[in-house]
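Presented below is the structure to which this report refers.
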Amino acid sequence: MNEKQKITVYSSETSNRLVVDHLRQIVNDLPRAHELGLRLFKRNVKALYRQSLLGFAWALIPPLATAILWILLRGNNIVQMNDTGTPYPVFVLTGTLLWQLFSEAISAPLNQVTENKAMLAKINIPREGLLLSGAYHVIFNTAIKVVLLSVIYAYFRQTITLTSLAFLPVGLLSIGMAGFSIGLALTPLGMLYQDINKGLAVLLPFFMYLTPVVYPAPREGIMGLLMRANPLATLINETRNWLTLQPVQDMPYFIGYTMAFVVLFLLSLVVYHLSMPMIIERIGS
Amino acid sequence: MINDTLIQVESVSKKFCRSLKRSLWYGVQDIGAELAGRTKESRLRRDEFWAVDQVSFELRRGECLGLIGHNGAGKSTLLKMLNGLIKPDRGRITMRGQVGALIELGTGFNPILTGRENIYNNGAVLGFTKKEIDEKFESIVEFSEIGEFIDTPVQNYSSGMKVRLGFAVASHMDPDILLIDEILAVGDISFVLKCFSRMDALLKNTAIILVSHNIPQIARMCTNLILLKNGQAIYTGPDVAEGINLYYSMLEKPEGNYFGSDIAVLDDIWLASNERNSKQAPNMYVNYGEELTVTITIKANQKIEKANIYLAFYDATQRNFGEVLNFEEAIPRLDGEIGDYTFEAYFPKIELAQGMYSLTIAMTDLSGNSRKLIFRKQSAVYFTVRGKYHGWAPMQFSPQWKLLK
């Protein structure tokens, strides 16, 4: 018998508590959510690689394929672009790997929640655990990418300084946060309507070419303005510039966008937390 | 503890929507209202209905509440609200203590991982920490009777093995409140019995809510009962027998198949017991220990010299548990005339468990060497037995007991 009884009340009243109160509750539940999230992450990784010959390589194949395609296109002068400052393979691989991080992070929340729909509808789990499981998977895949990146940098004898290395986690975190917060903001609606998932699949590749992933960011003209208005352009470009020791151009934008994404993340987290019972009610089991 | 009421449910209601498109859109509206801090629409919108309507009850530690009713009566919806999966649209639920739910077994299992790994997966979903599972691991494996297959991928398990492993993990929860939804219907009988003894052990320190269509199981375990019909609790209380009687009186009584020849047709069959007659009362009932008369009229279109009438008793699950084979001895010959016959079978004492039963009647011709079927009517007539005995078996004897020494 429990010494101290936990009392839970469920009622129809909408909670009129503040965002901070909800966040505090989410943080209090974090240890339980972590326990579940870590277990689900381990389960997914084990199951994924036990039934696969190439294993971890699958985390690298999509960005590598894009990079190789662009190395070929540019090498054969099919497309022309400005000087990138660094060897093009280093430039494009850094770009595609960073983009891949964003695209994995944006799909992670909705994917995890959809995959575990049956569990959500039947068992009262700490629902933030599903988000953590998705986040752990993104972090894991990113670690593999960093290993590949260092191999490529070594091969091209690309100089790396301590400052640029120290900035790497900041850049990765910022890009990951951008993807994850957008994905999380879309999750409640995406659970109800398939359109979100379908839309993401269509828009992500399109959006990639609006972002200077495979080409250097133009500084002037309409495109230059567009680049600064596109948060991802700033985040990816700045991270890559730091890593490849190119001049860093838009640091204030970088900081501003990152902070905006942190705010979006916290708000989306509360929305997710509050809307889950209503979503479970609608999706059935 | 002074107040050991663990569950308090105060006029709880829940709406559902019949149309999916509208349901999703209402979902968006409800989320909007929740986020804006506005009160949600508590009246019914278009296509909505009350899936659970004004249900109230309380449950203390050591009590077991049975939740019965037809499919769609709102049992699972009520359970989901108690489990905190969905919010009530009206009313209030207070749960004191740790809540455990046996709603589905083996959630979180991944088929290509081994039983060992899946114990950890399932355990994490049920809220165990890794340390807790480490401690309980041996006991879980032992309970599951999986033995050497524990390191085999779960996809190679039989469905019974999966259920056993799932229950083994779930039964190691130590909650104050346990919610159980129709999960013990699976597995072989020895394992089911094991599950029961495990639940009996849990019941001492737990308040249990059990949803089941298995009435003997409800009767065996429950101290309280709620009978739901279209979302409303039409019976709430501690008299489990009365609630079960009410439930049986609600059951559909489908007319059975009739197979017949021209030789004779079944004209009518009715029951009577202590002035009550199945012709007048559609819900014919017999009190335990009282008499029952079955009256049968047939119309013979041809001469039948050696007829035999056979009766079979079926319970609500269509199990044939009793037969009548002594017609021949009592009425060895008919007079052979064409026309109407009326027979009466008198049972002085009906010793059946409470529940709904039906009688199947068949008539055969025994003249010549072969037994020829004349007619057969499946579930020709229904009756309910009321009484205090509601055990596993339909037959409930009451012998005369004596203390000899």
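Going through the structure tokens in order, the chains are called A, B, and so on, while each chain numbers its residues from 1 and the ligands are numbered from 1 in the order shown.
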Counting only C-alpha atoms, chain A residues within 9 Å of chain B, as a ChimeraX atom specification
/A:1-2,4-17,32,35-37,39-40,43-44,46-47,50-51,116,118-126,188-189,192-193,271,274-283
Contact residues around range 71-85 of chain A with only C-alpha atoms at 10 Å, ignoring same-chain residues under 6 positions, as a PyMOL selection string:
chain A and resi 65+91-93+214-218+241+244-247
Output file for the selection above: all heavy atoms, as a compact mmCIF listing (two decimals), in the first residue's frame:
# COMPACT_ATOMS: atom_id res chain seq x y z
N ALA A 65 23.32 10.02 -51.14
CA ALA A 65 22.81 9.92 -52.51
C ALA A 65 22.59 11.32 -53.09
O ALA A 65 23.00 11.60 -54.22
CB ALA A 65 21.50 9.13 -52.52
N PHE A 91 31.49 20.82 -49.06
CA PHE A 91 30.39 21.77 -48.95
C PHE A 91 29.03 21.06 -49.04
O PHE A 91 28.16 21.21 -48.17
CB PHE A 91 30.50 22.82 -50.07
CG PHE A 91 29.39 23.81 -50.11
CD1 PHE A 91 29.46 24.99 -49.38
CD2 PHE A 91 28.25 23.57 -50.90
CE1 PHE A 91 28.42 25.91 -49.42
CE2 PHE A 91 27.22 24.49 -50.93
CZ PHE A 91 27.29 25.65 -50.19
N VAL A 92 28.86 20.26 -50.08
CA VAL A 92 27.55 19.67 -50.34
C VAL A 92 27.23 18.57 -49.32
O VAL A 92 26.09 18.41 -48.88
CB VAL A 92 27.41 19.19 -51.80
CG1 VAL A 92 28.18 17.91 -52.04
CG2 VAL A 92 25.94 18.98 -52.15
N LEU A 93 28.24 17.82 -48.90
CA LEU A 93 27.98 16.76 -47.90
C LEU A 93 27.61 17.36 -46.55
O LEU A 93 26.70 16.87 -45.88
CB LEU A 93 29.21 15.86 -47.76
CG LEU A 93 29.08 14.60 -48.61
CD1 LEU A 93 30.42 13.91 -48.76
CD2 LEU A 93 28.04 13.66 -48.01
N VAL A 214 22.61 22.62 -51.36
CA VAL A 214 23.55 22.12 -52.36
C VAL A 214 24.21 23.26 -53.14
O VAL A 214 25.08 23.03 -53.95
CB VAL A 214 22.85 21.17 -53.36
CG1 VAL A 214 22.36 19.93 -52.62
CG2 VAL A 214 21.71 21.85 -54.07
N TYR A 215 23.77 24.50 -52.88
CA TYR A 215 24.38 25.64 -53.56
C TYR A 215 24.71 26.72 -52.52
O TYR A 215 24.10 26.76 -51.46
CB TYR A 215 23.45 26.19 -54.65
CG TYR A 215 22.08 26.59 -54.16
CD1 TYR A 215 21.84 27.85 -53.60
CD2 TYR A 215 21.01 25.69 -54.24
CE1 TYR A 215 20.59 28.20 -53.16
CE2 TYR A 215 19.75 26.04 -53.79
CZ TYR A 215 19.54 27.30 -53.24
OH TYR A 215 18.30 27.65 -52.79
N PRO A 216 25.66 27.59 -52.79
CA PRO A 216 25.99 28.64 -51.84
C PRO A 216 24.88 29.69 -51.79
O PRO A 216 24.23 29.95 -52.80
CB PRO A 216 27.28 29.24 -52.39
CG PRO A 216 27.27 28.90 -53.83
CD PRO A 216 26.53 27.62 -53.98
N ALA A 217 24.67 30.25 -50.61
CA ALA A 217 23.57 31.20 -50.44
C ALA A 217 23.87 32.49 -51.18
O ALA A 217 24.93 33.07 -50.98
CB ALA A 217 23.38 31.48 -48.96
N PRO A 218 22.95 32.94 -52.04
CA PRO A 218 23.14 34.24 -52.67
C PRO A 218 22.98 35.34 -51.63
O PRO A 218 22.17 35.20 -50.71
CB PRO A 218 22.03 34.30 -53.72
CG PRO A 218 21.05 33.26 -53.33
CD PRO A 218 21.72 32.27 -52.44
N ASN A 241 29.26 27.38 -42.40
CA ASN A 241 30.34 28.37 -42.47
C ASN A 241 31.30 28.23 -41.29
O ASN A 241 32.51 28.32 -41.45
CB ASN A 241 29.76 29.79 -42.50
CG ASN A 241 29.15 30.11 -43.86
OD1 ASN A 241 29.40 29.38 -44.83
ND2 ASN A 241 28.36 31.16 -43.93
N THR A 244 33.42 25.02 -41.85
CA THR A 244 34.38 25.05 -42.95
C THR A 244 35.22 26.32 -42.94
O THR A 244 35.89 26.65 -43.91
CB THR A 244 33.64 24.94 -44.31
OG1 THR A 244 32.66 25.97 -44.36
CG2 THR A 244 32.97 23.60 -44.45
N LEU A 245 35.16 27.05 -41.80
CA LEU A 245 35.99 28.23 -41.58
C LEU A 245 35.75 29.32 -42.62
O LEU A 245 36.66 30.03 -43.02
CB LEU A 245 37.49 27.85 -41.57
CG LEU A 245 37.87 26.73 -40.60
CD1 LEU A 245 39.34 26.40 -40.72
CD2 LEU A 245 37.52 27.10 -39.17
N GLN A 246 34.51 29.44 -43.07
CA GLN A 246 34.12 30.53 -43.96
C GLN A 246 33.63 31.70 -43.11
O GLN A 246 33.25 31.50 -41.95
CB GLN A 246 33.01 30.07 -44.91
CG GLN A 246 33.44 28.96 -45.84
CD GLN A 246 34.59 29.37 -46.75
OE1 GLN A 246 34.50 30.37 -47.46
NE2 GLN A 246 35.67 28.61 -46.71
N PRO A 247 33.61 32.90 -43.69
CA PRO A 247 33.11 34.04 -42.90
C PRO A 247 31.65 33.82 -42.47
O PRO A 247 30.82 33.39 -43.25
CB PRO A 247 33.23 35.22 -43.87
CG PRO A 247 33.40 34.63 -45.21
CD PRO A 247 34.09 33.32 -45.01
Among the residues B:Leu44, B:Phe196, B:Leu78, B:Ile177, the one that comes closest to Thr5 in chain B [using only C-alpha atoms]
B:Ile177
Residue neighbourhood Thr163 in chain A, 10 Å, only C-alpha atoms, exclusion window fewer than 2 positions, as a PDB file with N, CA, C and O atoms, in the first residue's frame:
ATOM      1  N   ILE A 160      40.173  21.979 -39.325  1.00  0.00           N
ATOM      2  CA  ILE A 160      39.119  22.254 -38.341  1.00  0.00           C
ATOM      3  C   ILE A 160      39.779  22.898 -37.146  1.00  0.00           C
ATOM      4  O   ILE A 160      40.839  22.465 -36.699  1.00  0.00           O
ATOM      5  N   THR A 161      39.162  23.963 -36.622  1.00  0.00           N
ATOM      6  CA  THR A 161      39.719  24.593 -35.425  1.00  0.00           C
ATOM      7  C   THR A 161      38.872  24.214 -34.225  1.00  0.00           C
ATOM      8  O   THR A 161      37.778  23.660 -34.373  1.00  0.00           O
ATOM      9  N   LEU A 165      34.788  23.453 -33.959  1.00  0.00           N
ATOM     10  CA  LEU A 165      34.338  22.193 -33.375  1.00  0.00           C
ATOM     11  C   LEU A 165      33.379  22.452 -32.222  1.00  0.00           C
ATOM     12  O   LEU A 165      32.375  21.763 -32.053  1.00  0.00           O
ATOM     13  N   ALA A 166      33.684  23.488 -31.452  1.00  0.00           N
ATOM     14  CA  ALA A 166      32.831  23.805 -30.307  1.00  0.00           C
ATOM     15  C   ALA A 166      31.468  24.296 -30.779  1.00  0.00           C
ATOM     16  O   ALA A 166      30.460  24.116 -30.099  1.00  0.00           O
ATOM     17  N   PHE A 167      31.455  24.911 -31.954  1.00  0.00           N
ATOM     18  CA  PHE A 167      30.184  25.431 -32.450  1.00  0.00           C
ATOM     19  C   PHE A 167      29.301  24.328 -33.026  1.00  0.00           C
ATOM     20  O   PHE A 167      28.076  24.475 -33.100  1.00  0.00           O
ATOM     21  N   LEU A 168      29.929  23.210 -33.412  1.00  0.00           N
ATOM     22  CA  LEU A 168      29.171  22.132 -34.065  1.00  0.00           C
ATOM     23  C   LEU A 168      27.938  21.716 -33.268  1.00  0.00           C
ATOM     24  O   LEU A 168      26.832  21.701 -33.814  1.00  0.00           O
ATOM     25  N   TRP A 242      30.751  28.018 -40.111  1.00  0.00           N
ATOM     26  CA  TRP A 242      31.598  27.809 -38.938  1.00  0.00           C
ATOM     27  C   TRP A 242      32.494  26.602 -39.124  1.00  0.00           C
ATOM     28  O   TRP A 242      33.689  26.650 -38.867  1.00  0.00           O
ATOM     29  N   LEU A 243      31.870  25.511 -39.577  1.00  0.00           N
ATOM     30  CA  LEU A 243      32.610  24.253 -39.695  1.00  0.00           C
ATOM     31  C   LEU A 243      33.706  24.343 -40.737  1.00  0.00           C
ATOM     32  O   LEU A 243      34.800  23.808 -40.568  1.00  0.00           O
ATOM     33  N   LEU A 245      35.159  27.052 -41.799  1.00  0.00           N
ATOM     34  CA  LEU A 245      35.991  28.232 -41.584  1.00  0.00           C
ATOM     35  C   LEU A 245      35.747  29.324 -42.616  1.00  0.00           C
ATOM     36  O   LEU A 245      36.661  30.033 -43.020  1.00  0.00           O
TER      37      LEU A 245
END
Shell around Tyr357 in chain B at 12 Å using only C-alpha atoms, local window under 2 positions removed, as a ChimeraX atom specification:
/B:248-249,251-254,283-286,312-322,350,352-355,359-360,379-386,394-395
Could you jot down the CA of Ala393 in chain B to CA of Met199 in chain B separation for me, Å, one decimal place?
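Separation of CA of Ala393 in chain B and CA of Met199 in chain B: 20.8 Å.
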Select, from A:Thr187, A:Asn230, A:Gln100, A:Thr66, the residue with the minimum atom-to-atom distance to Val270 in chain A, counting only C-alpha atoms.
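Going through A:Thr187, A:Asn230, A:Gln100, A:Thr66 one by one, the smallest distance to Val270 in chain A is for A:Thr187.
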In Å and to one decimal, CA of Lys162 in chain B is distant from CA of Ser212 in chain B by 20.8 Å
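Minimum distance to Arg219 in chain A across A:Gln158, A:Gln249, A:Thr239, A:Ser164 (counting only C-alpha atoms) occurs at A:Gln249.
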Can you tell me which residues surround Phe259 in chain B at a distance of at most 12 Å, considering only C-alpha atoms, apart from same-chain residues fewer than 6 positions away, and format the answer as a compact mmCIF listing (two decimals) with N, CA and C atoms, in the first residue's frame?
# COMPACT_ATOMS: atom_id res chain seq x y z
N VAL B 265 -46.03 -31.66 -37.86
CA VAL B 265 -45.43 -30.35 -37.64
C VAL B 265 -45.59 -29.94 -36.19
N LEU B 266 -44.62 -29.16 -35.72
CA LEU B 266 -44.69 -28.63 -34.36
C LEU B 266 -45.67 -27.46 -34.39
N THR B 360 -34.43 -26.92 -27.08
CA THR B 360 -34.52 -27.36 -28.47
C THR B 360 -35.35 -28.63 -28.48
N ILE B 361 -36.24 -28.71 -29.43
CA ILE B 361 -37.11 -29.88 -29.46
C ILE B 361 -36.95 -30.61 -30.79
N ALA B 362 -36.98 -31.95 -30.74
CA ALA B 362 -36.93 -32.73 -31.98
C ALA B 362 -37.89 -33.90 -31.85
N MET B 363 -38.50 -34.28 -32.96
CA MET B 363 -39.38 -35.44 -32.96
C MET B 363 -38.85 -36.41 -33.99
N THR B 364 -38.76 -37.67 -33.59
CA THR B 364 -38.27 -38.68 -34.53
C THR B 364 -39.28 -39.82 -34.59
N LEU B 373 -35.93 -38.48 -38.65
CA LEU B 373 -36.24 -37.17 -38.08
C LEU B 373 -37.53 -36.63 -38.68
N ILE B 374 -38.47 -36.27 -37.84
CA ILE B 374 -39.73 -35.70 -38.33
C ILE B 374 -39.64 -34.17 -38.33
N PHE B 375 -39.27 -33.61 -37.19
CA PHE B 375 -38.97 -32.17 -37.19
C PHE B 375 -37.98 -31.86 -36.08
N ARG B 376 -37.37 -30.71 -36.19
CA ARG B 376 -36.46 -30.26 -35.16
C ARG B 376 -36.50 -28.74 -35.12
N LYS B 377 -36.71 -28.20 -33.93
CA LYS B 377 -36.76 -26.74 -33.80
C LYS B 377 -35.68 -26.33 -32.79
N GLN B 378 -34.72 -25.58 -33.29
CA GLN B 378 -33.62 -25.10 -32.43
C GLN B 378 -34.12 -23.92 -31.62
N ALA B 380 -36.45 -23.40 -29.42
CA ALA B 380 -37.88 -23.22 -29.65
C ALA B 380 -38.48 -22.28 -28.62
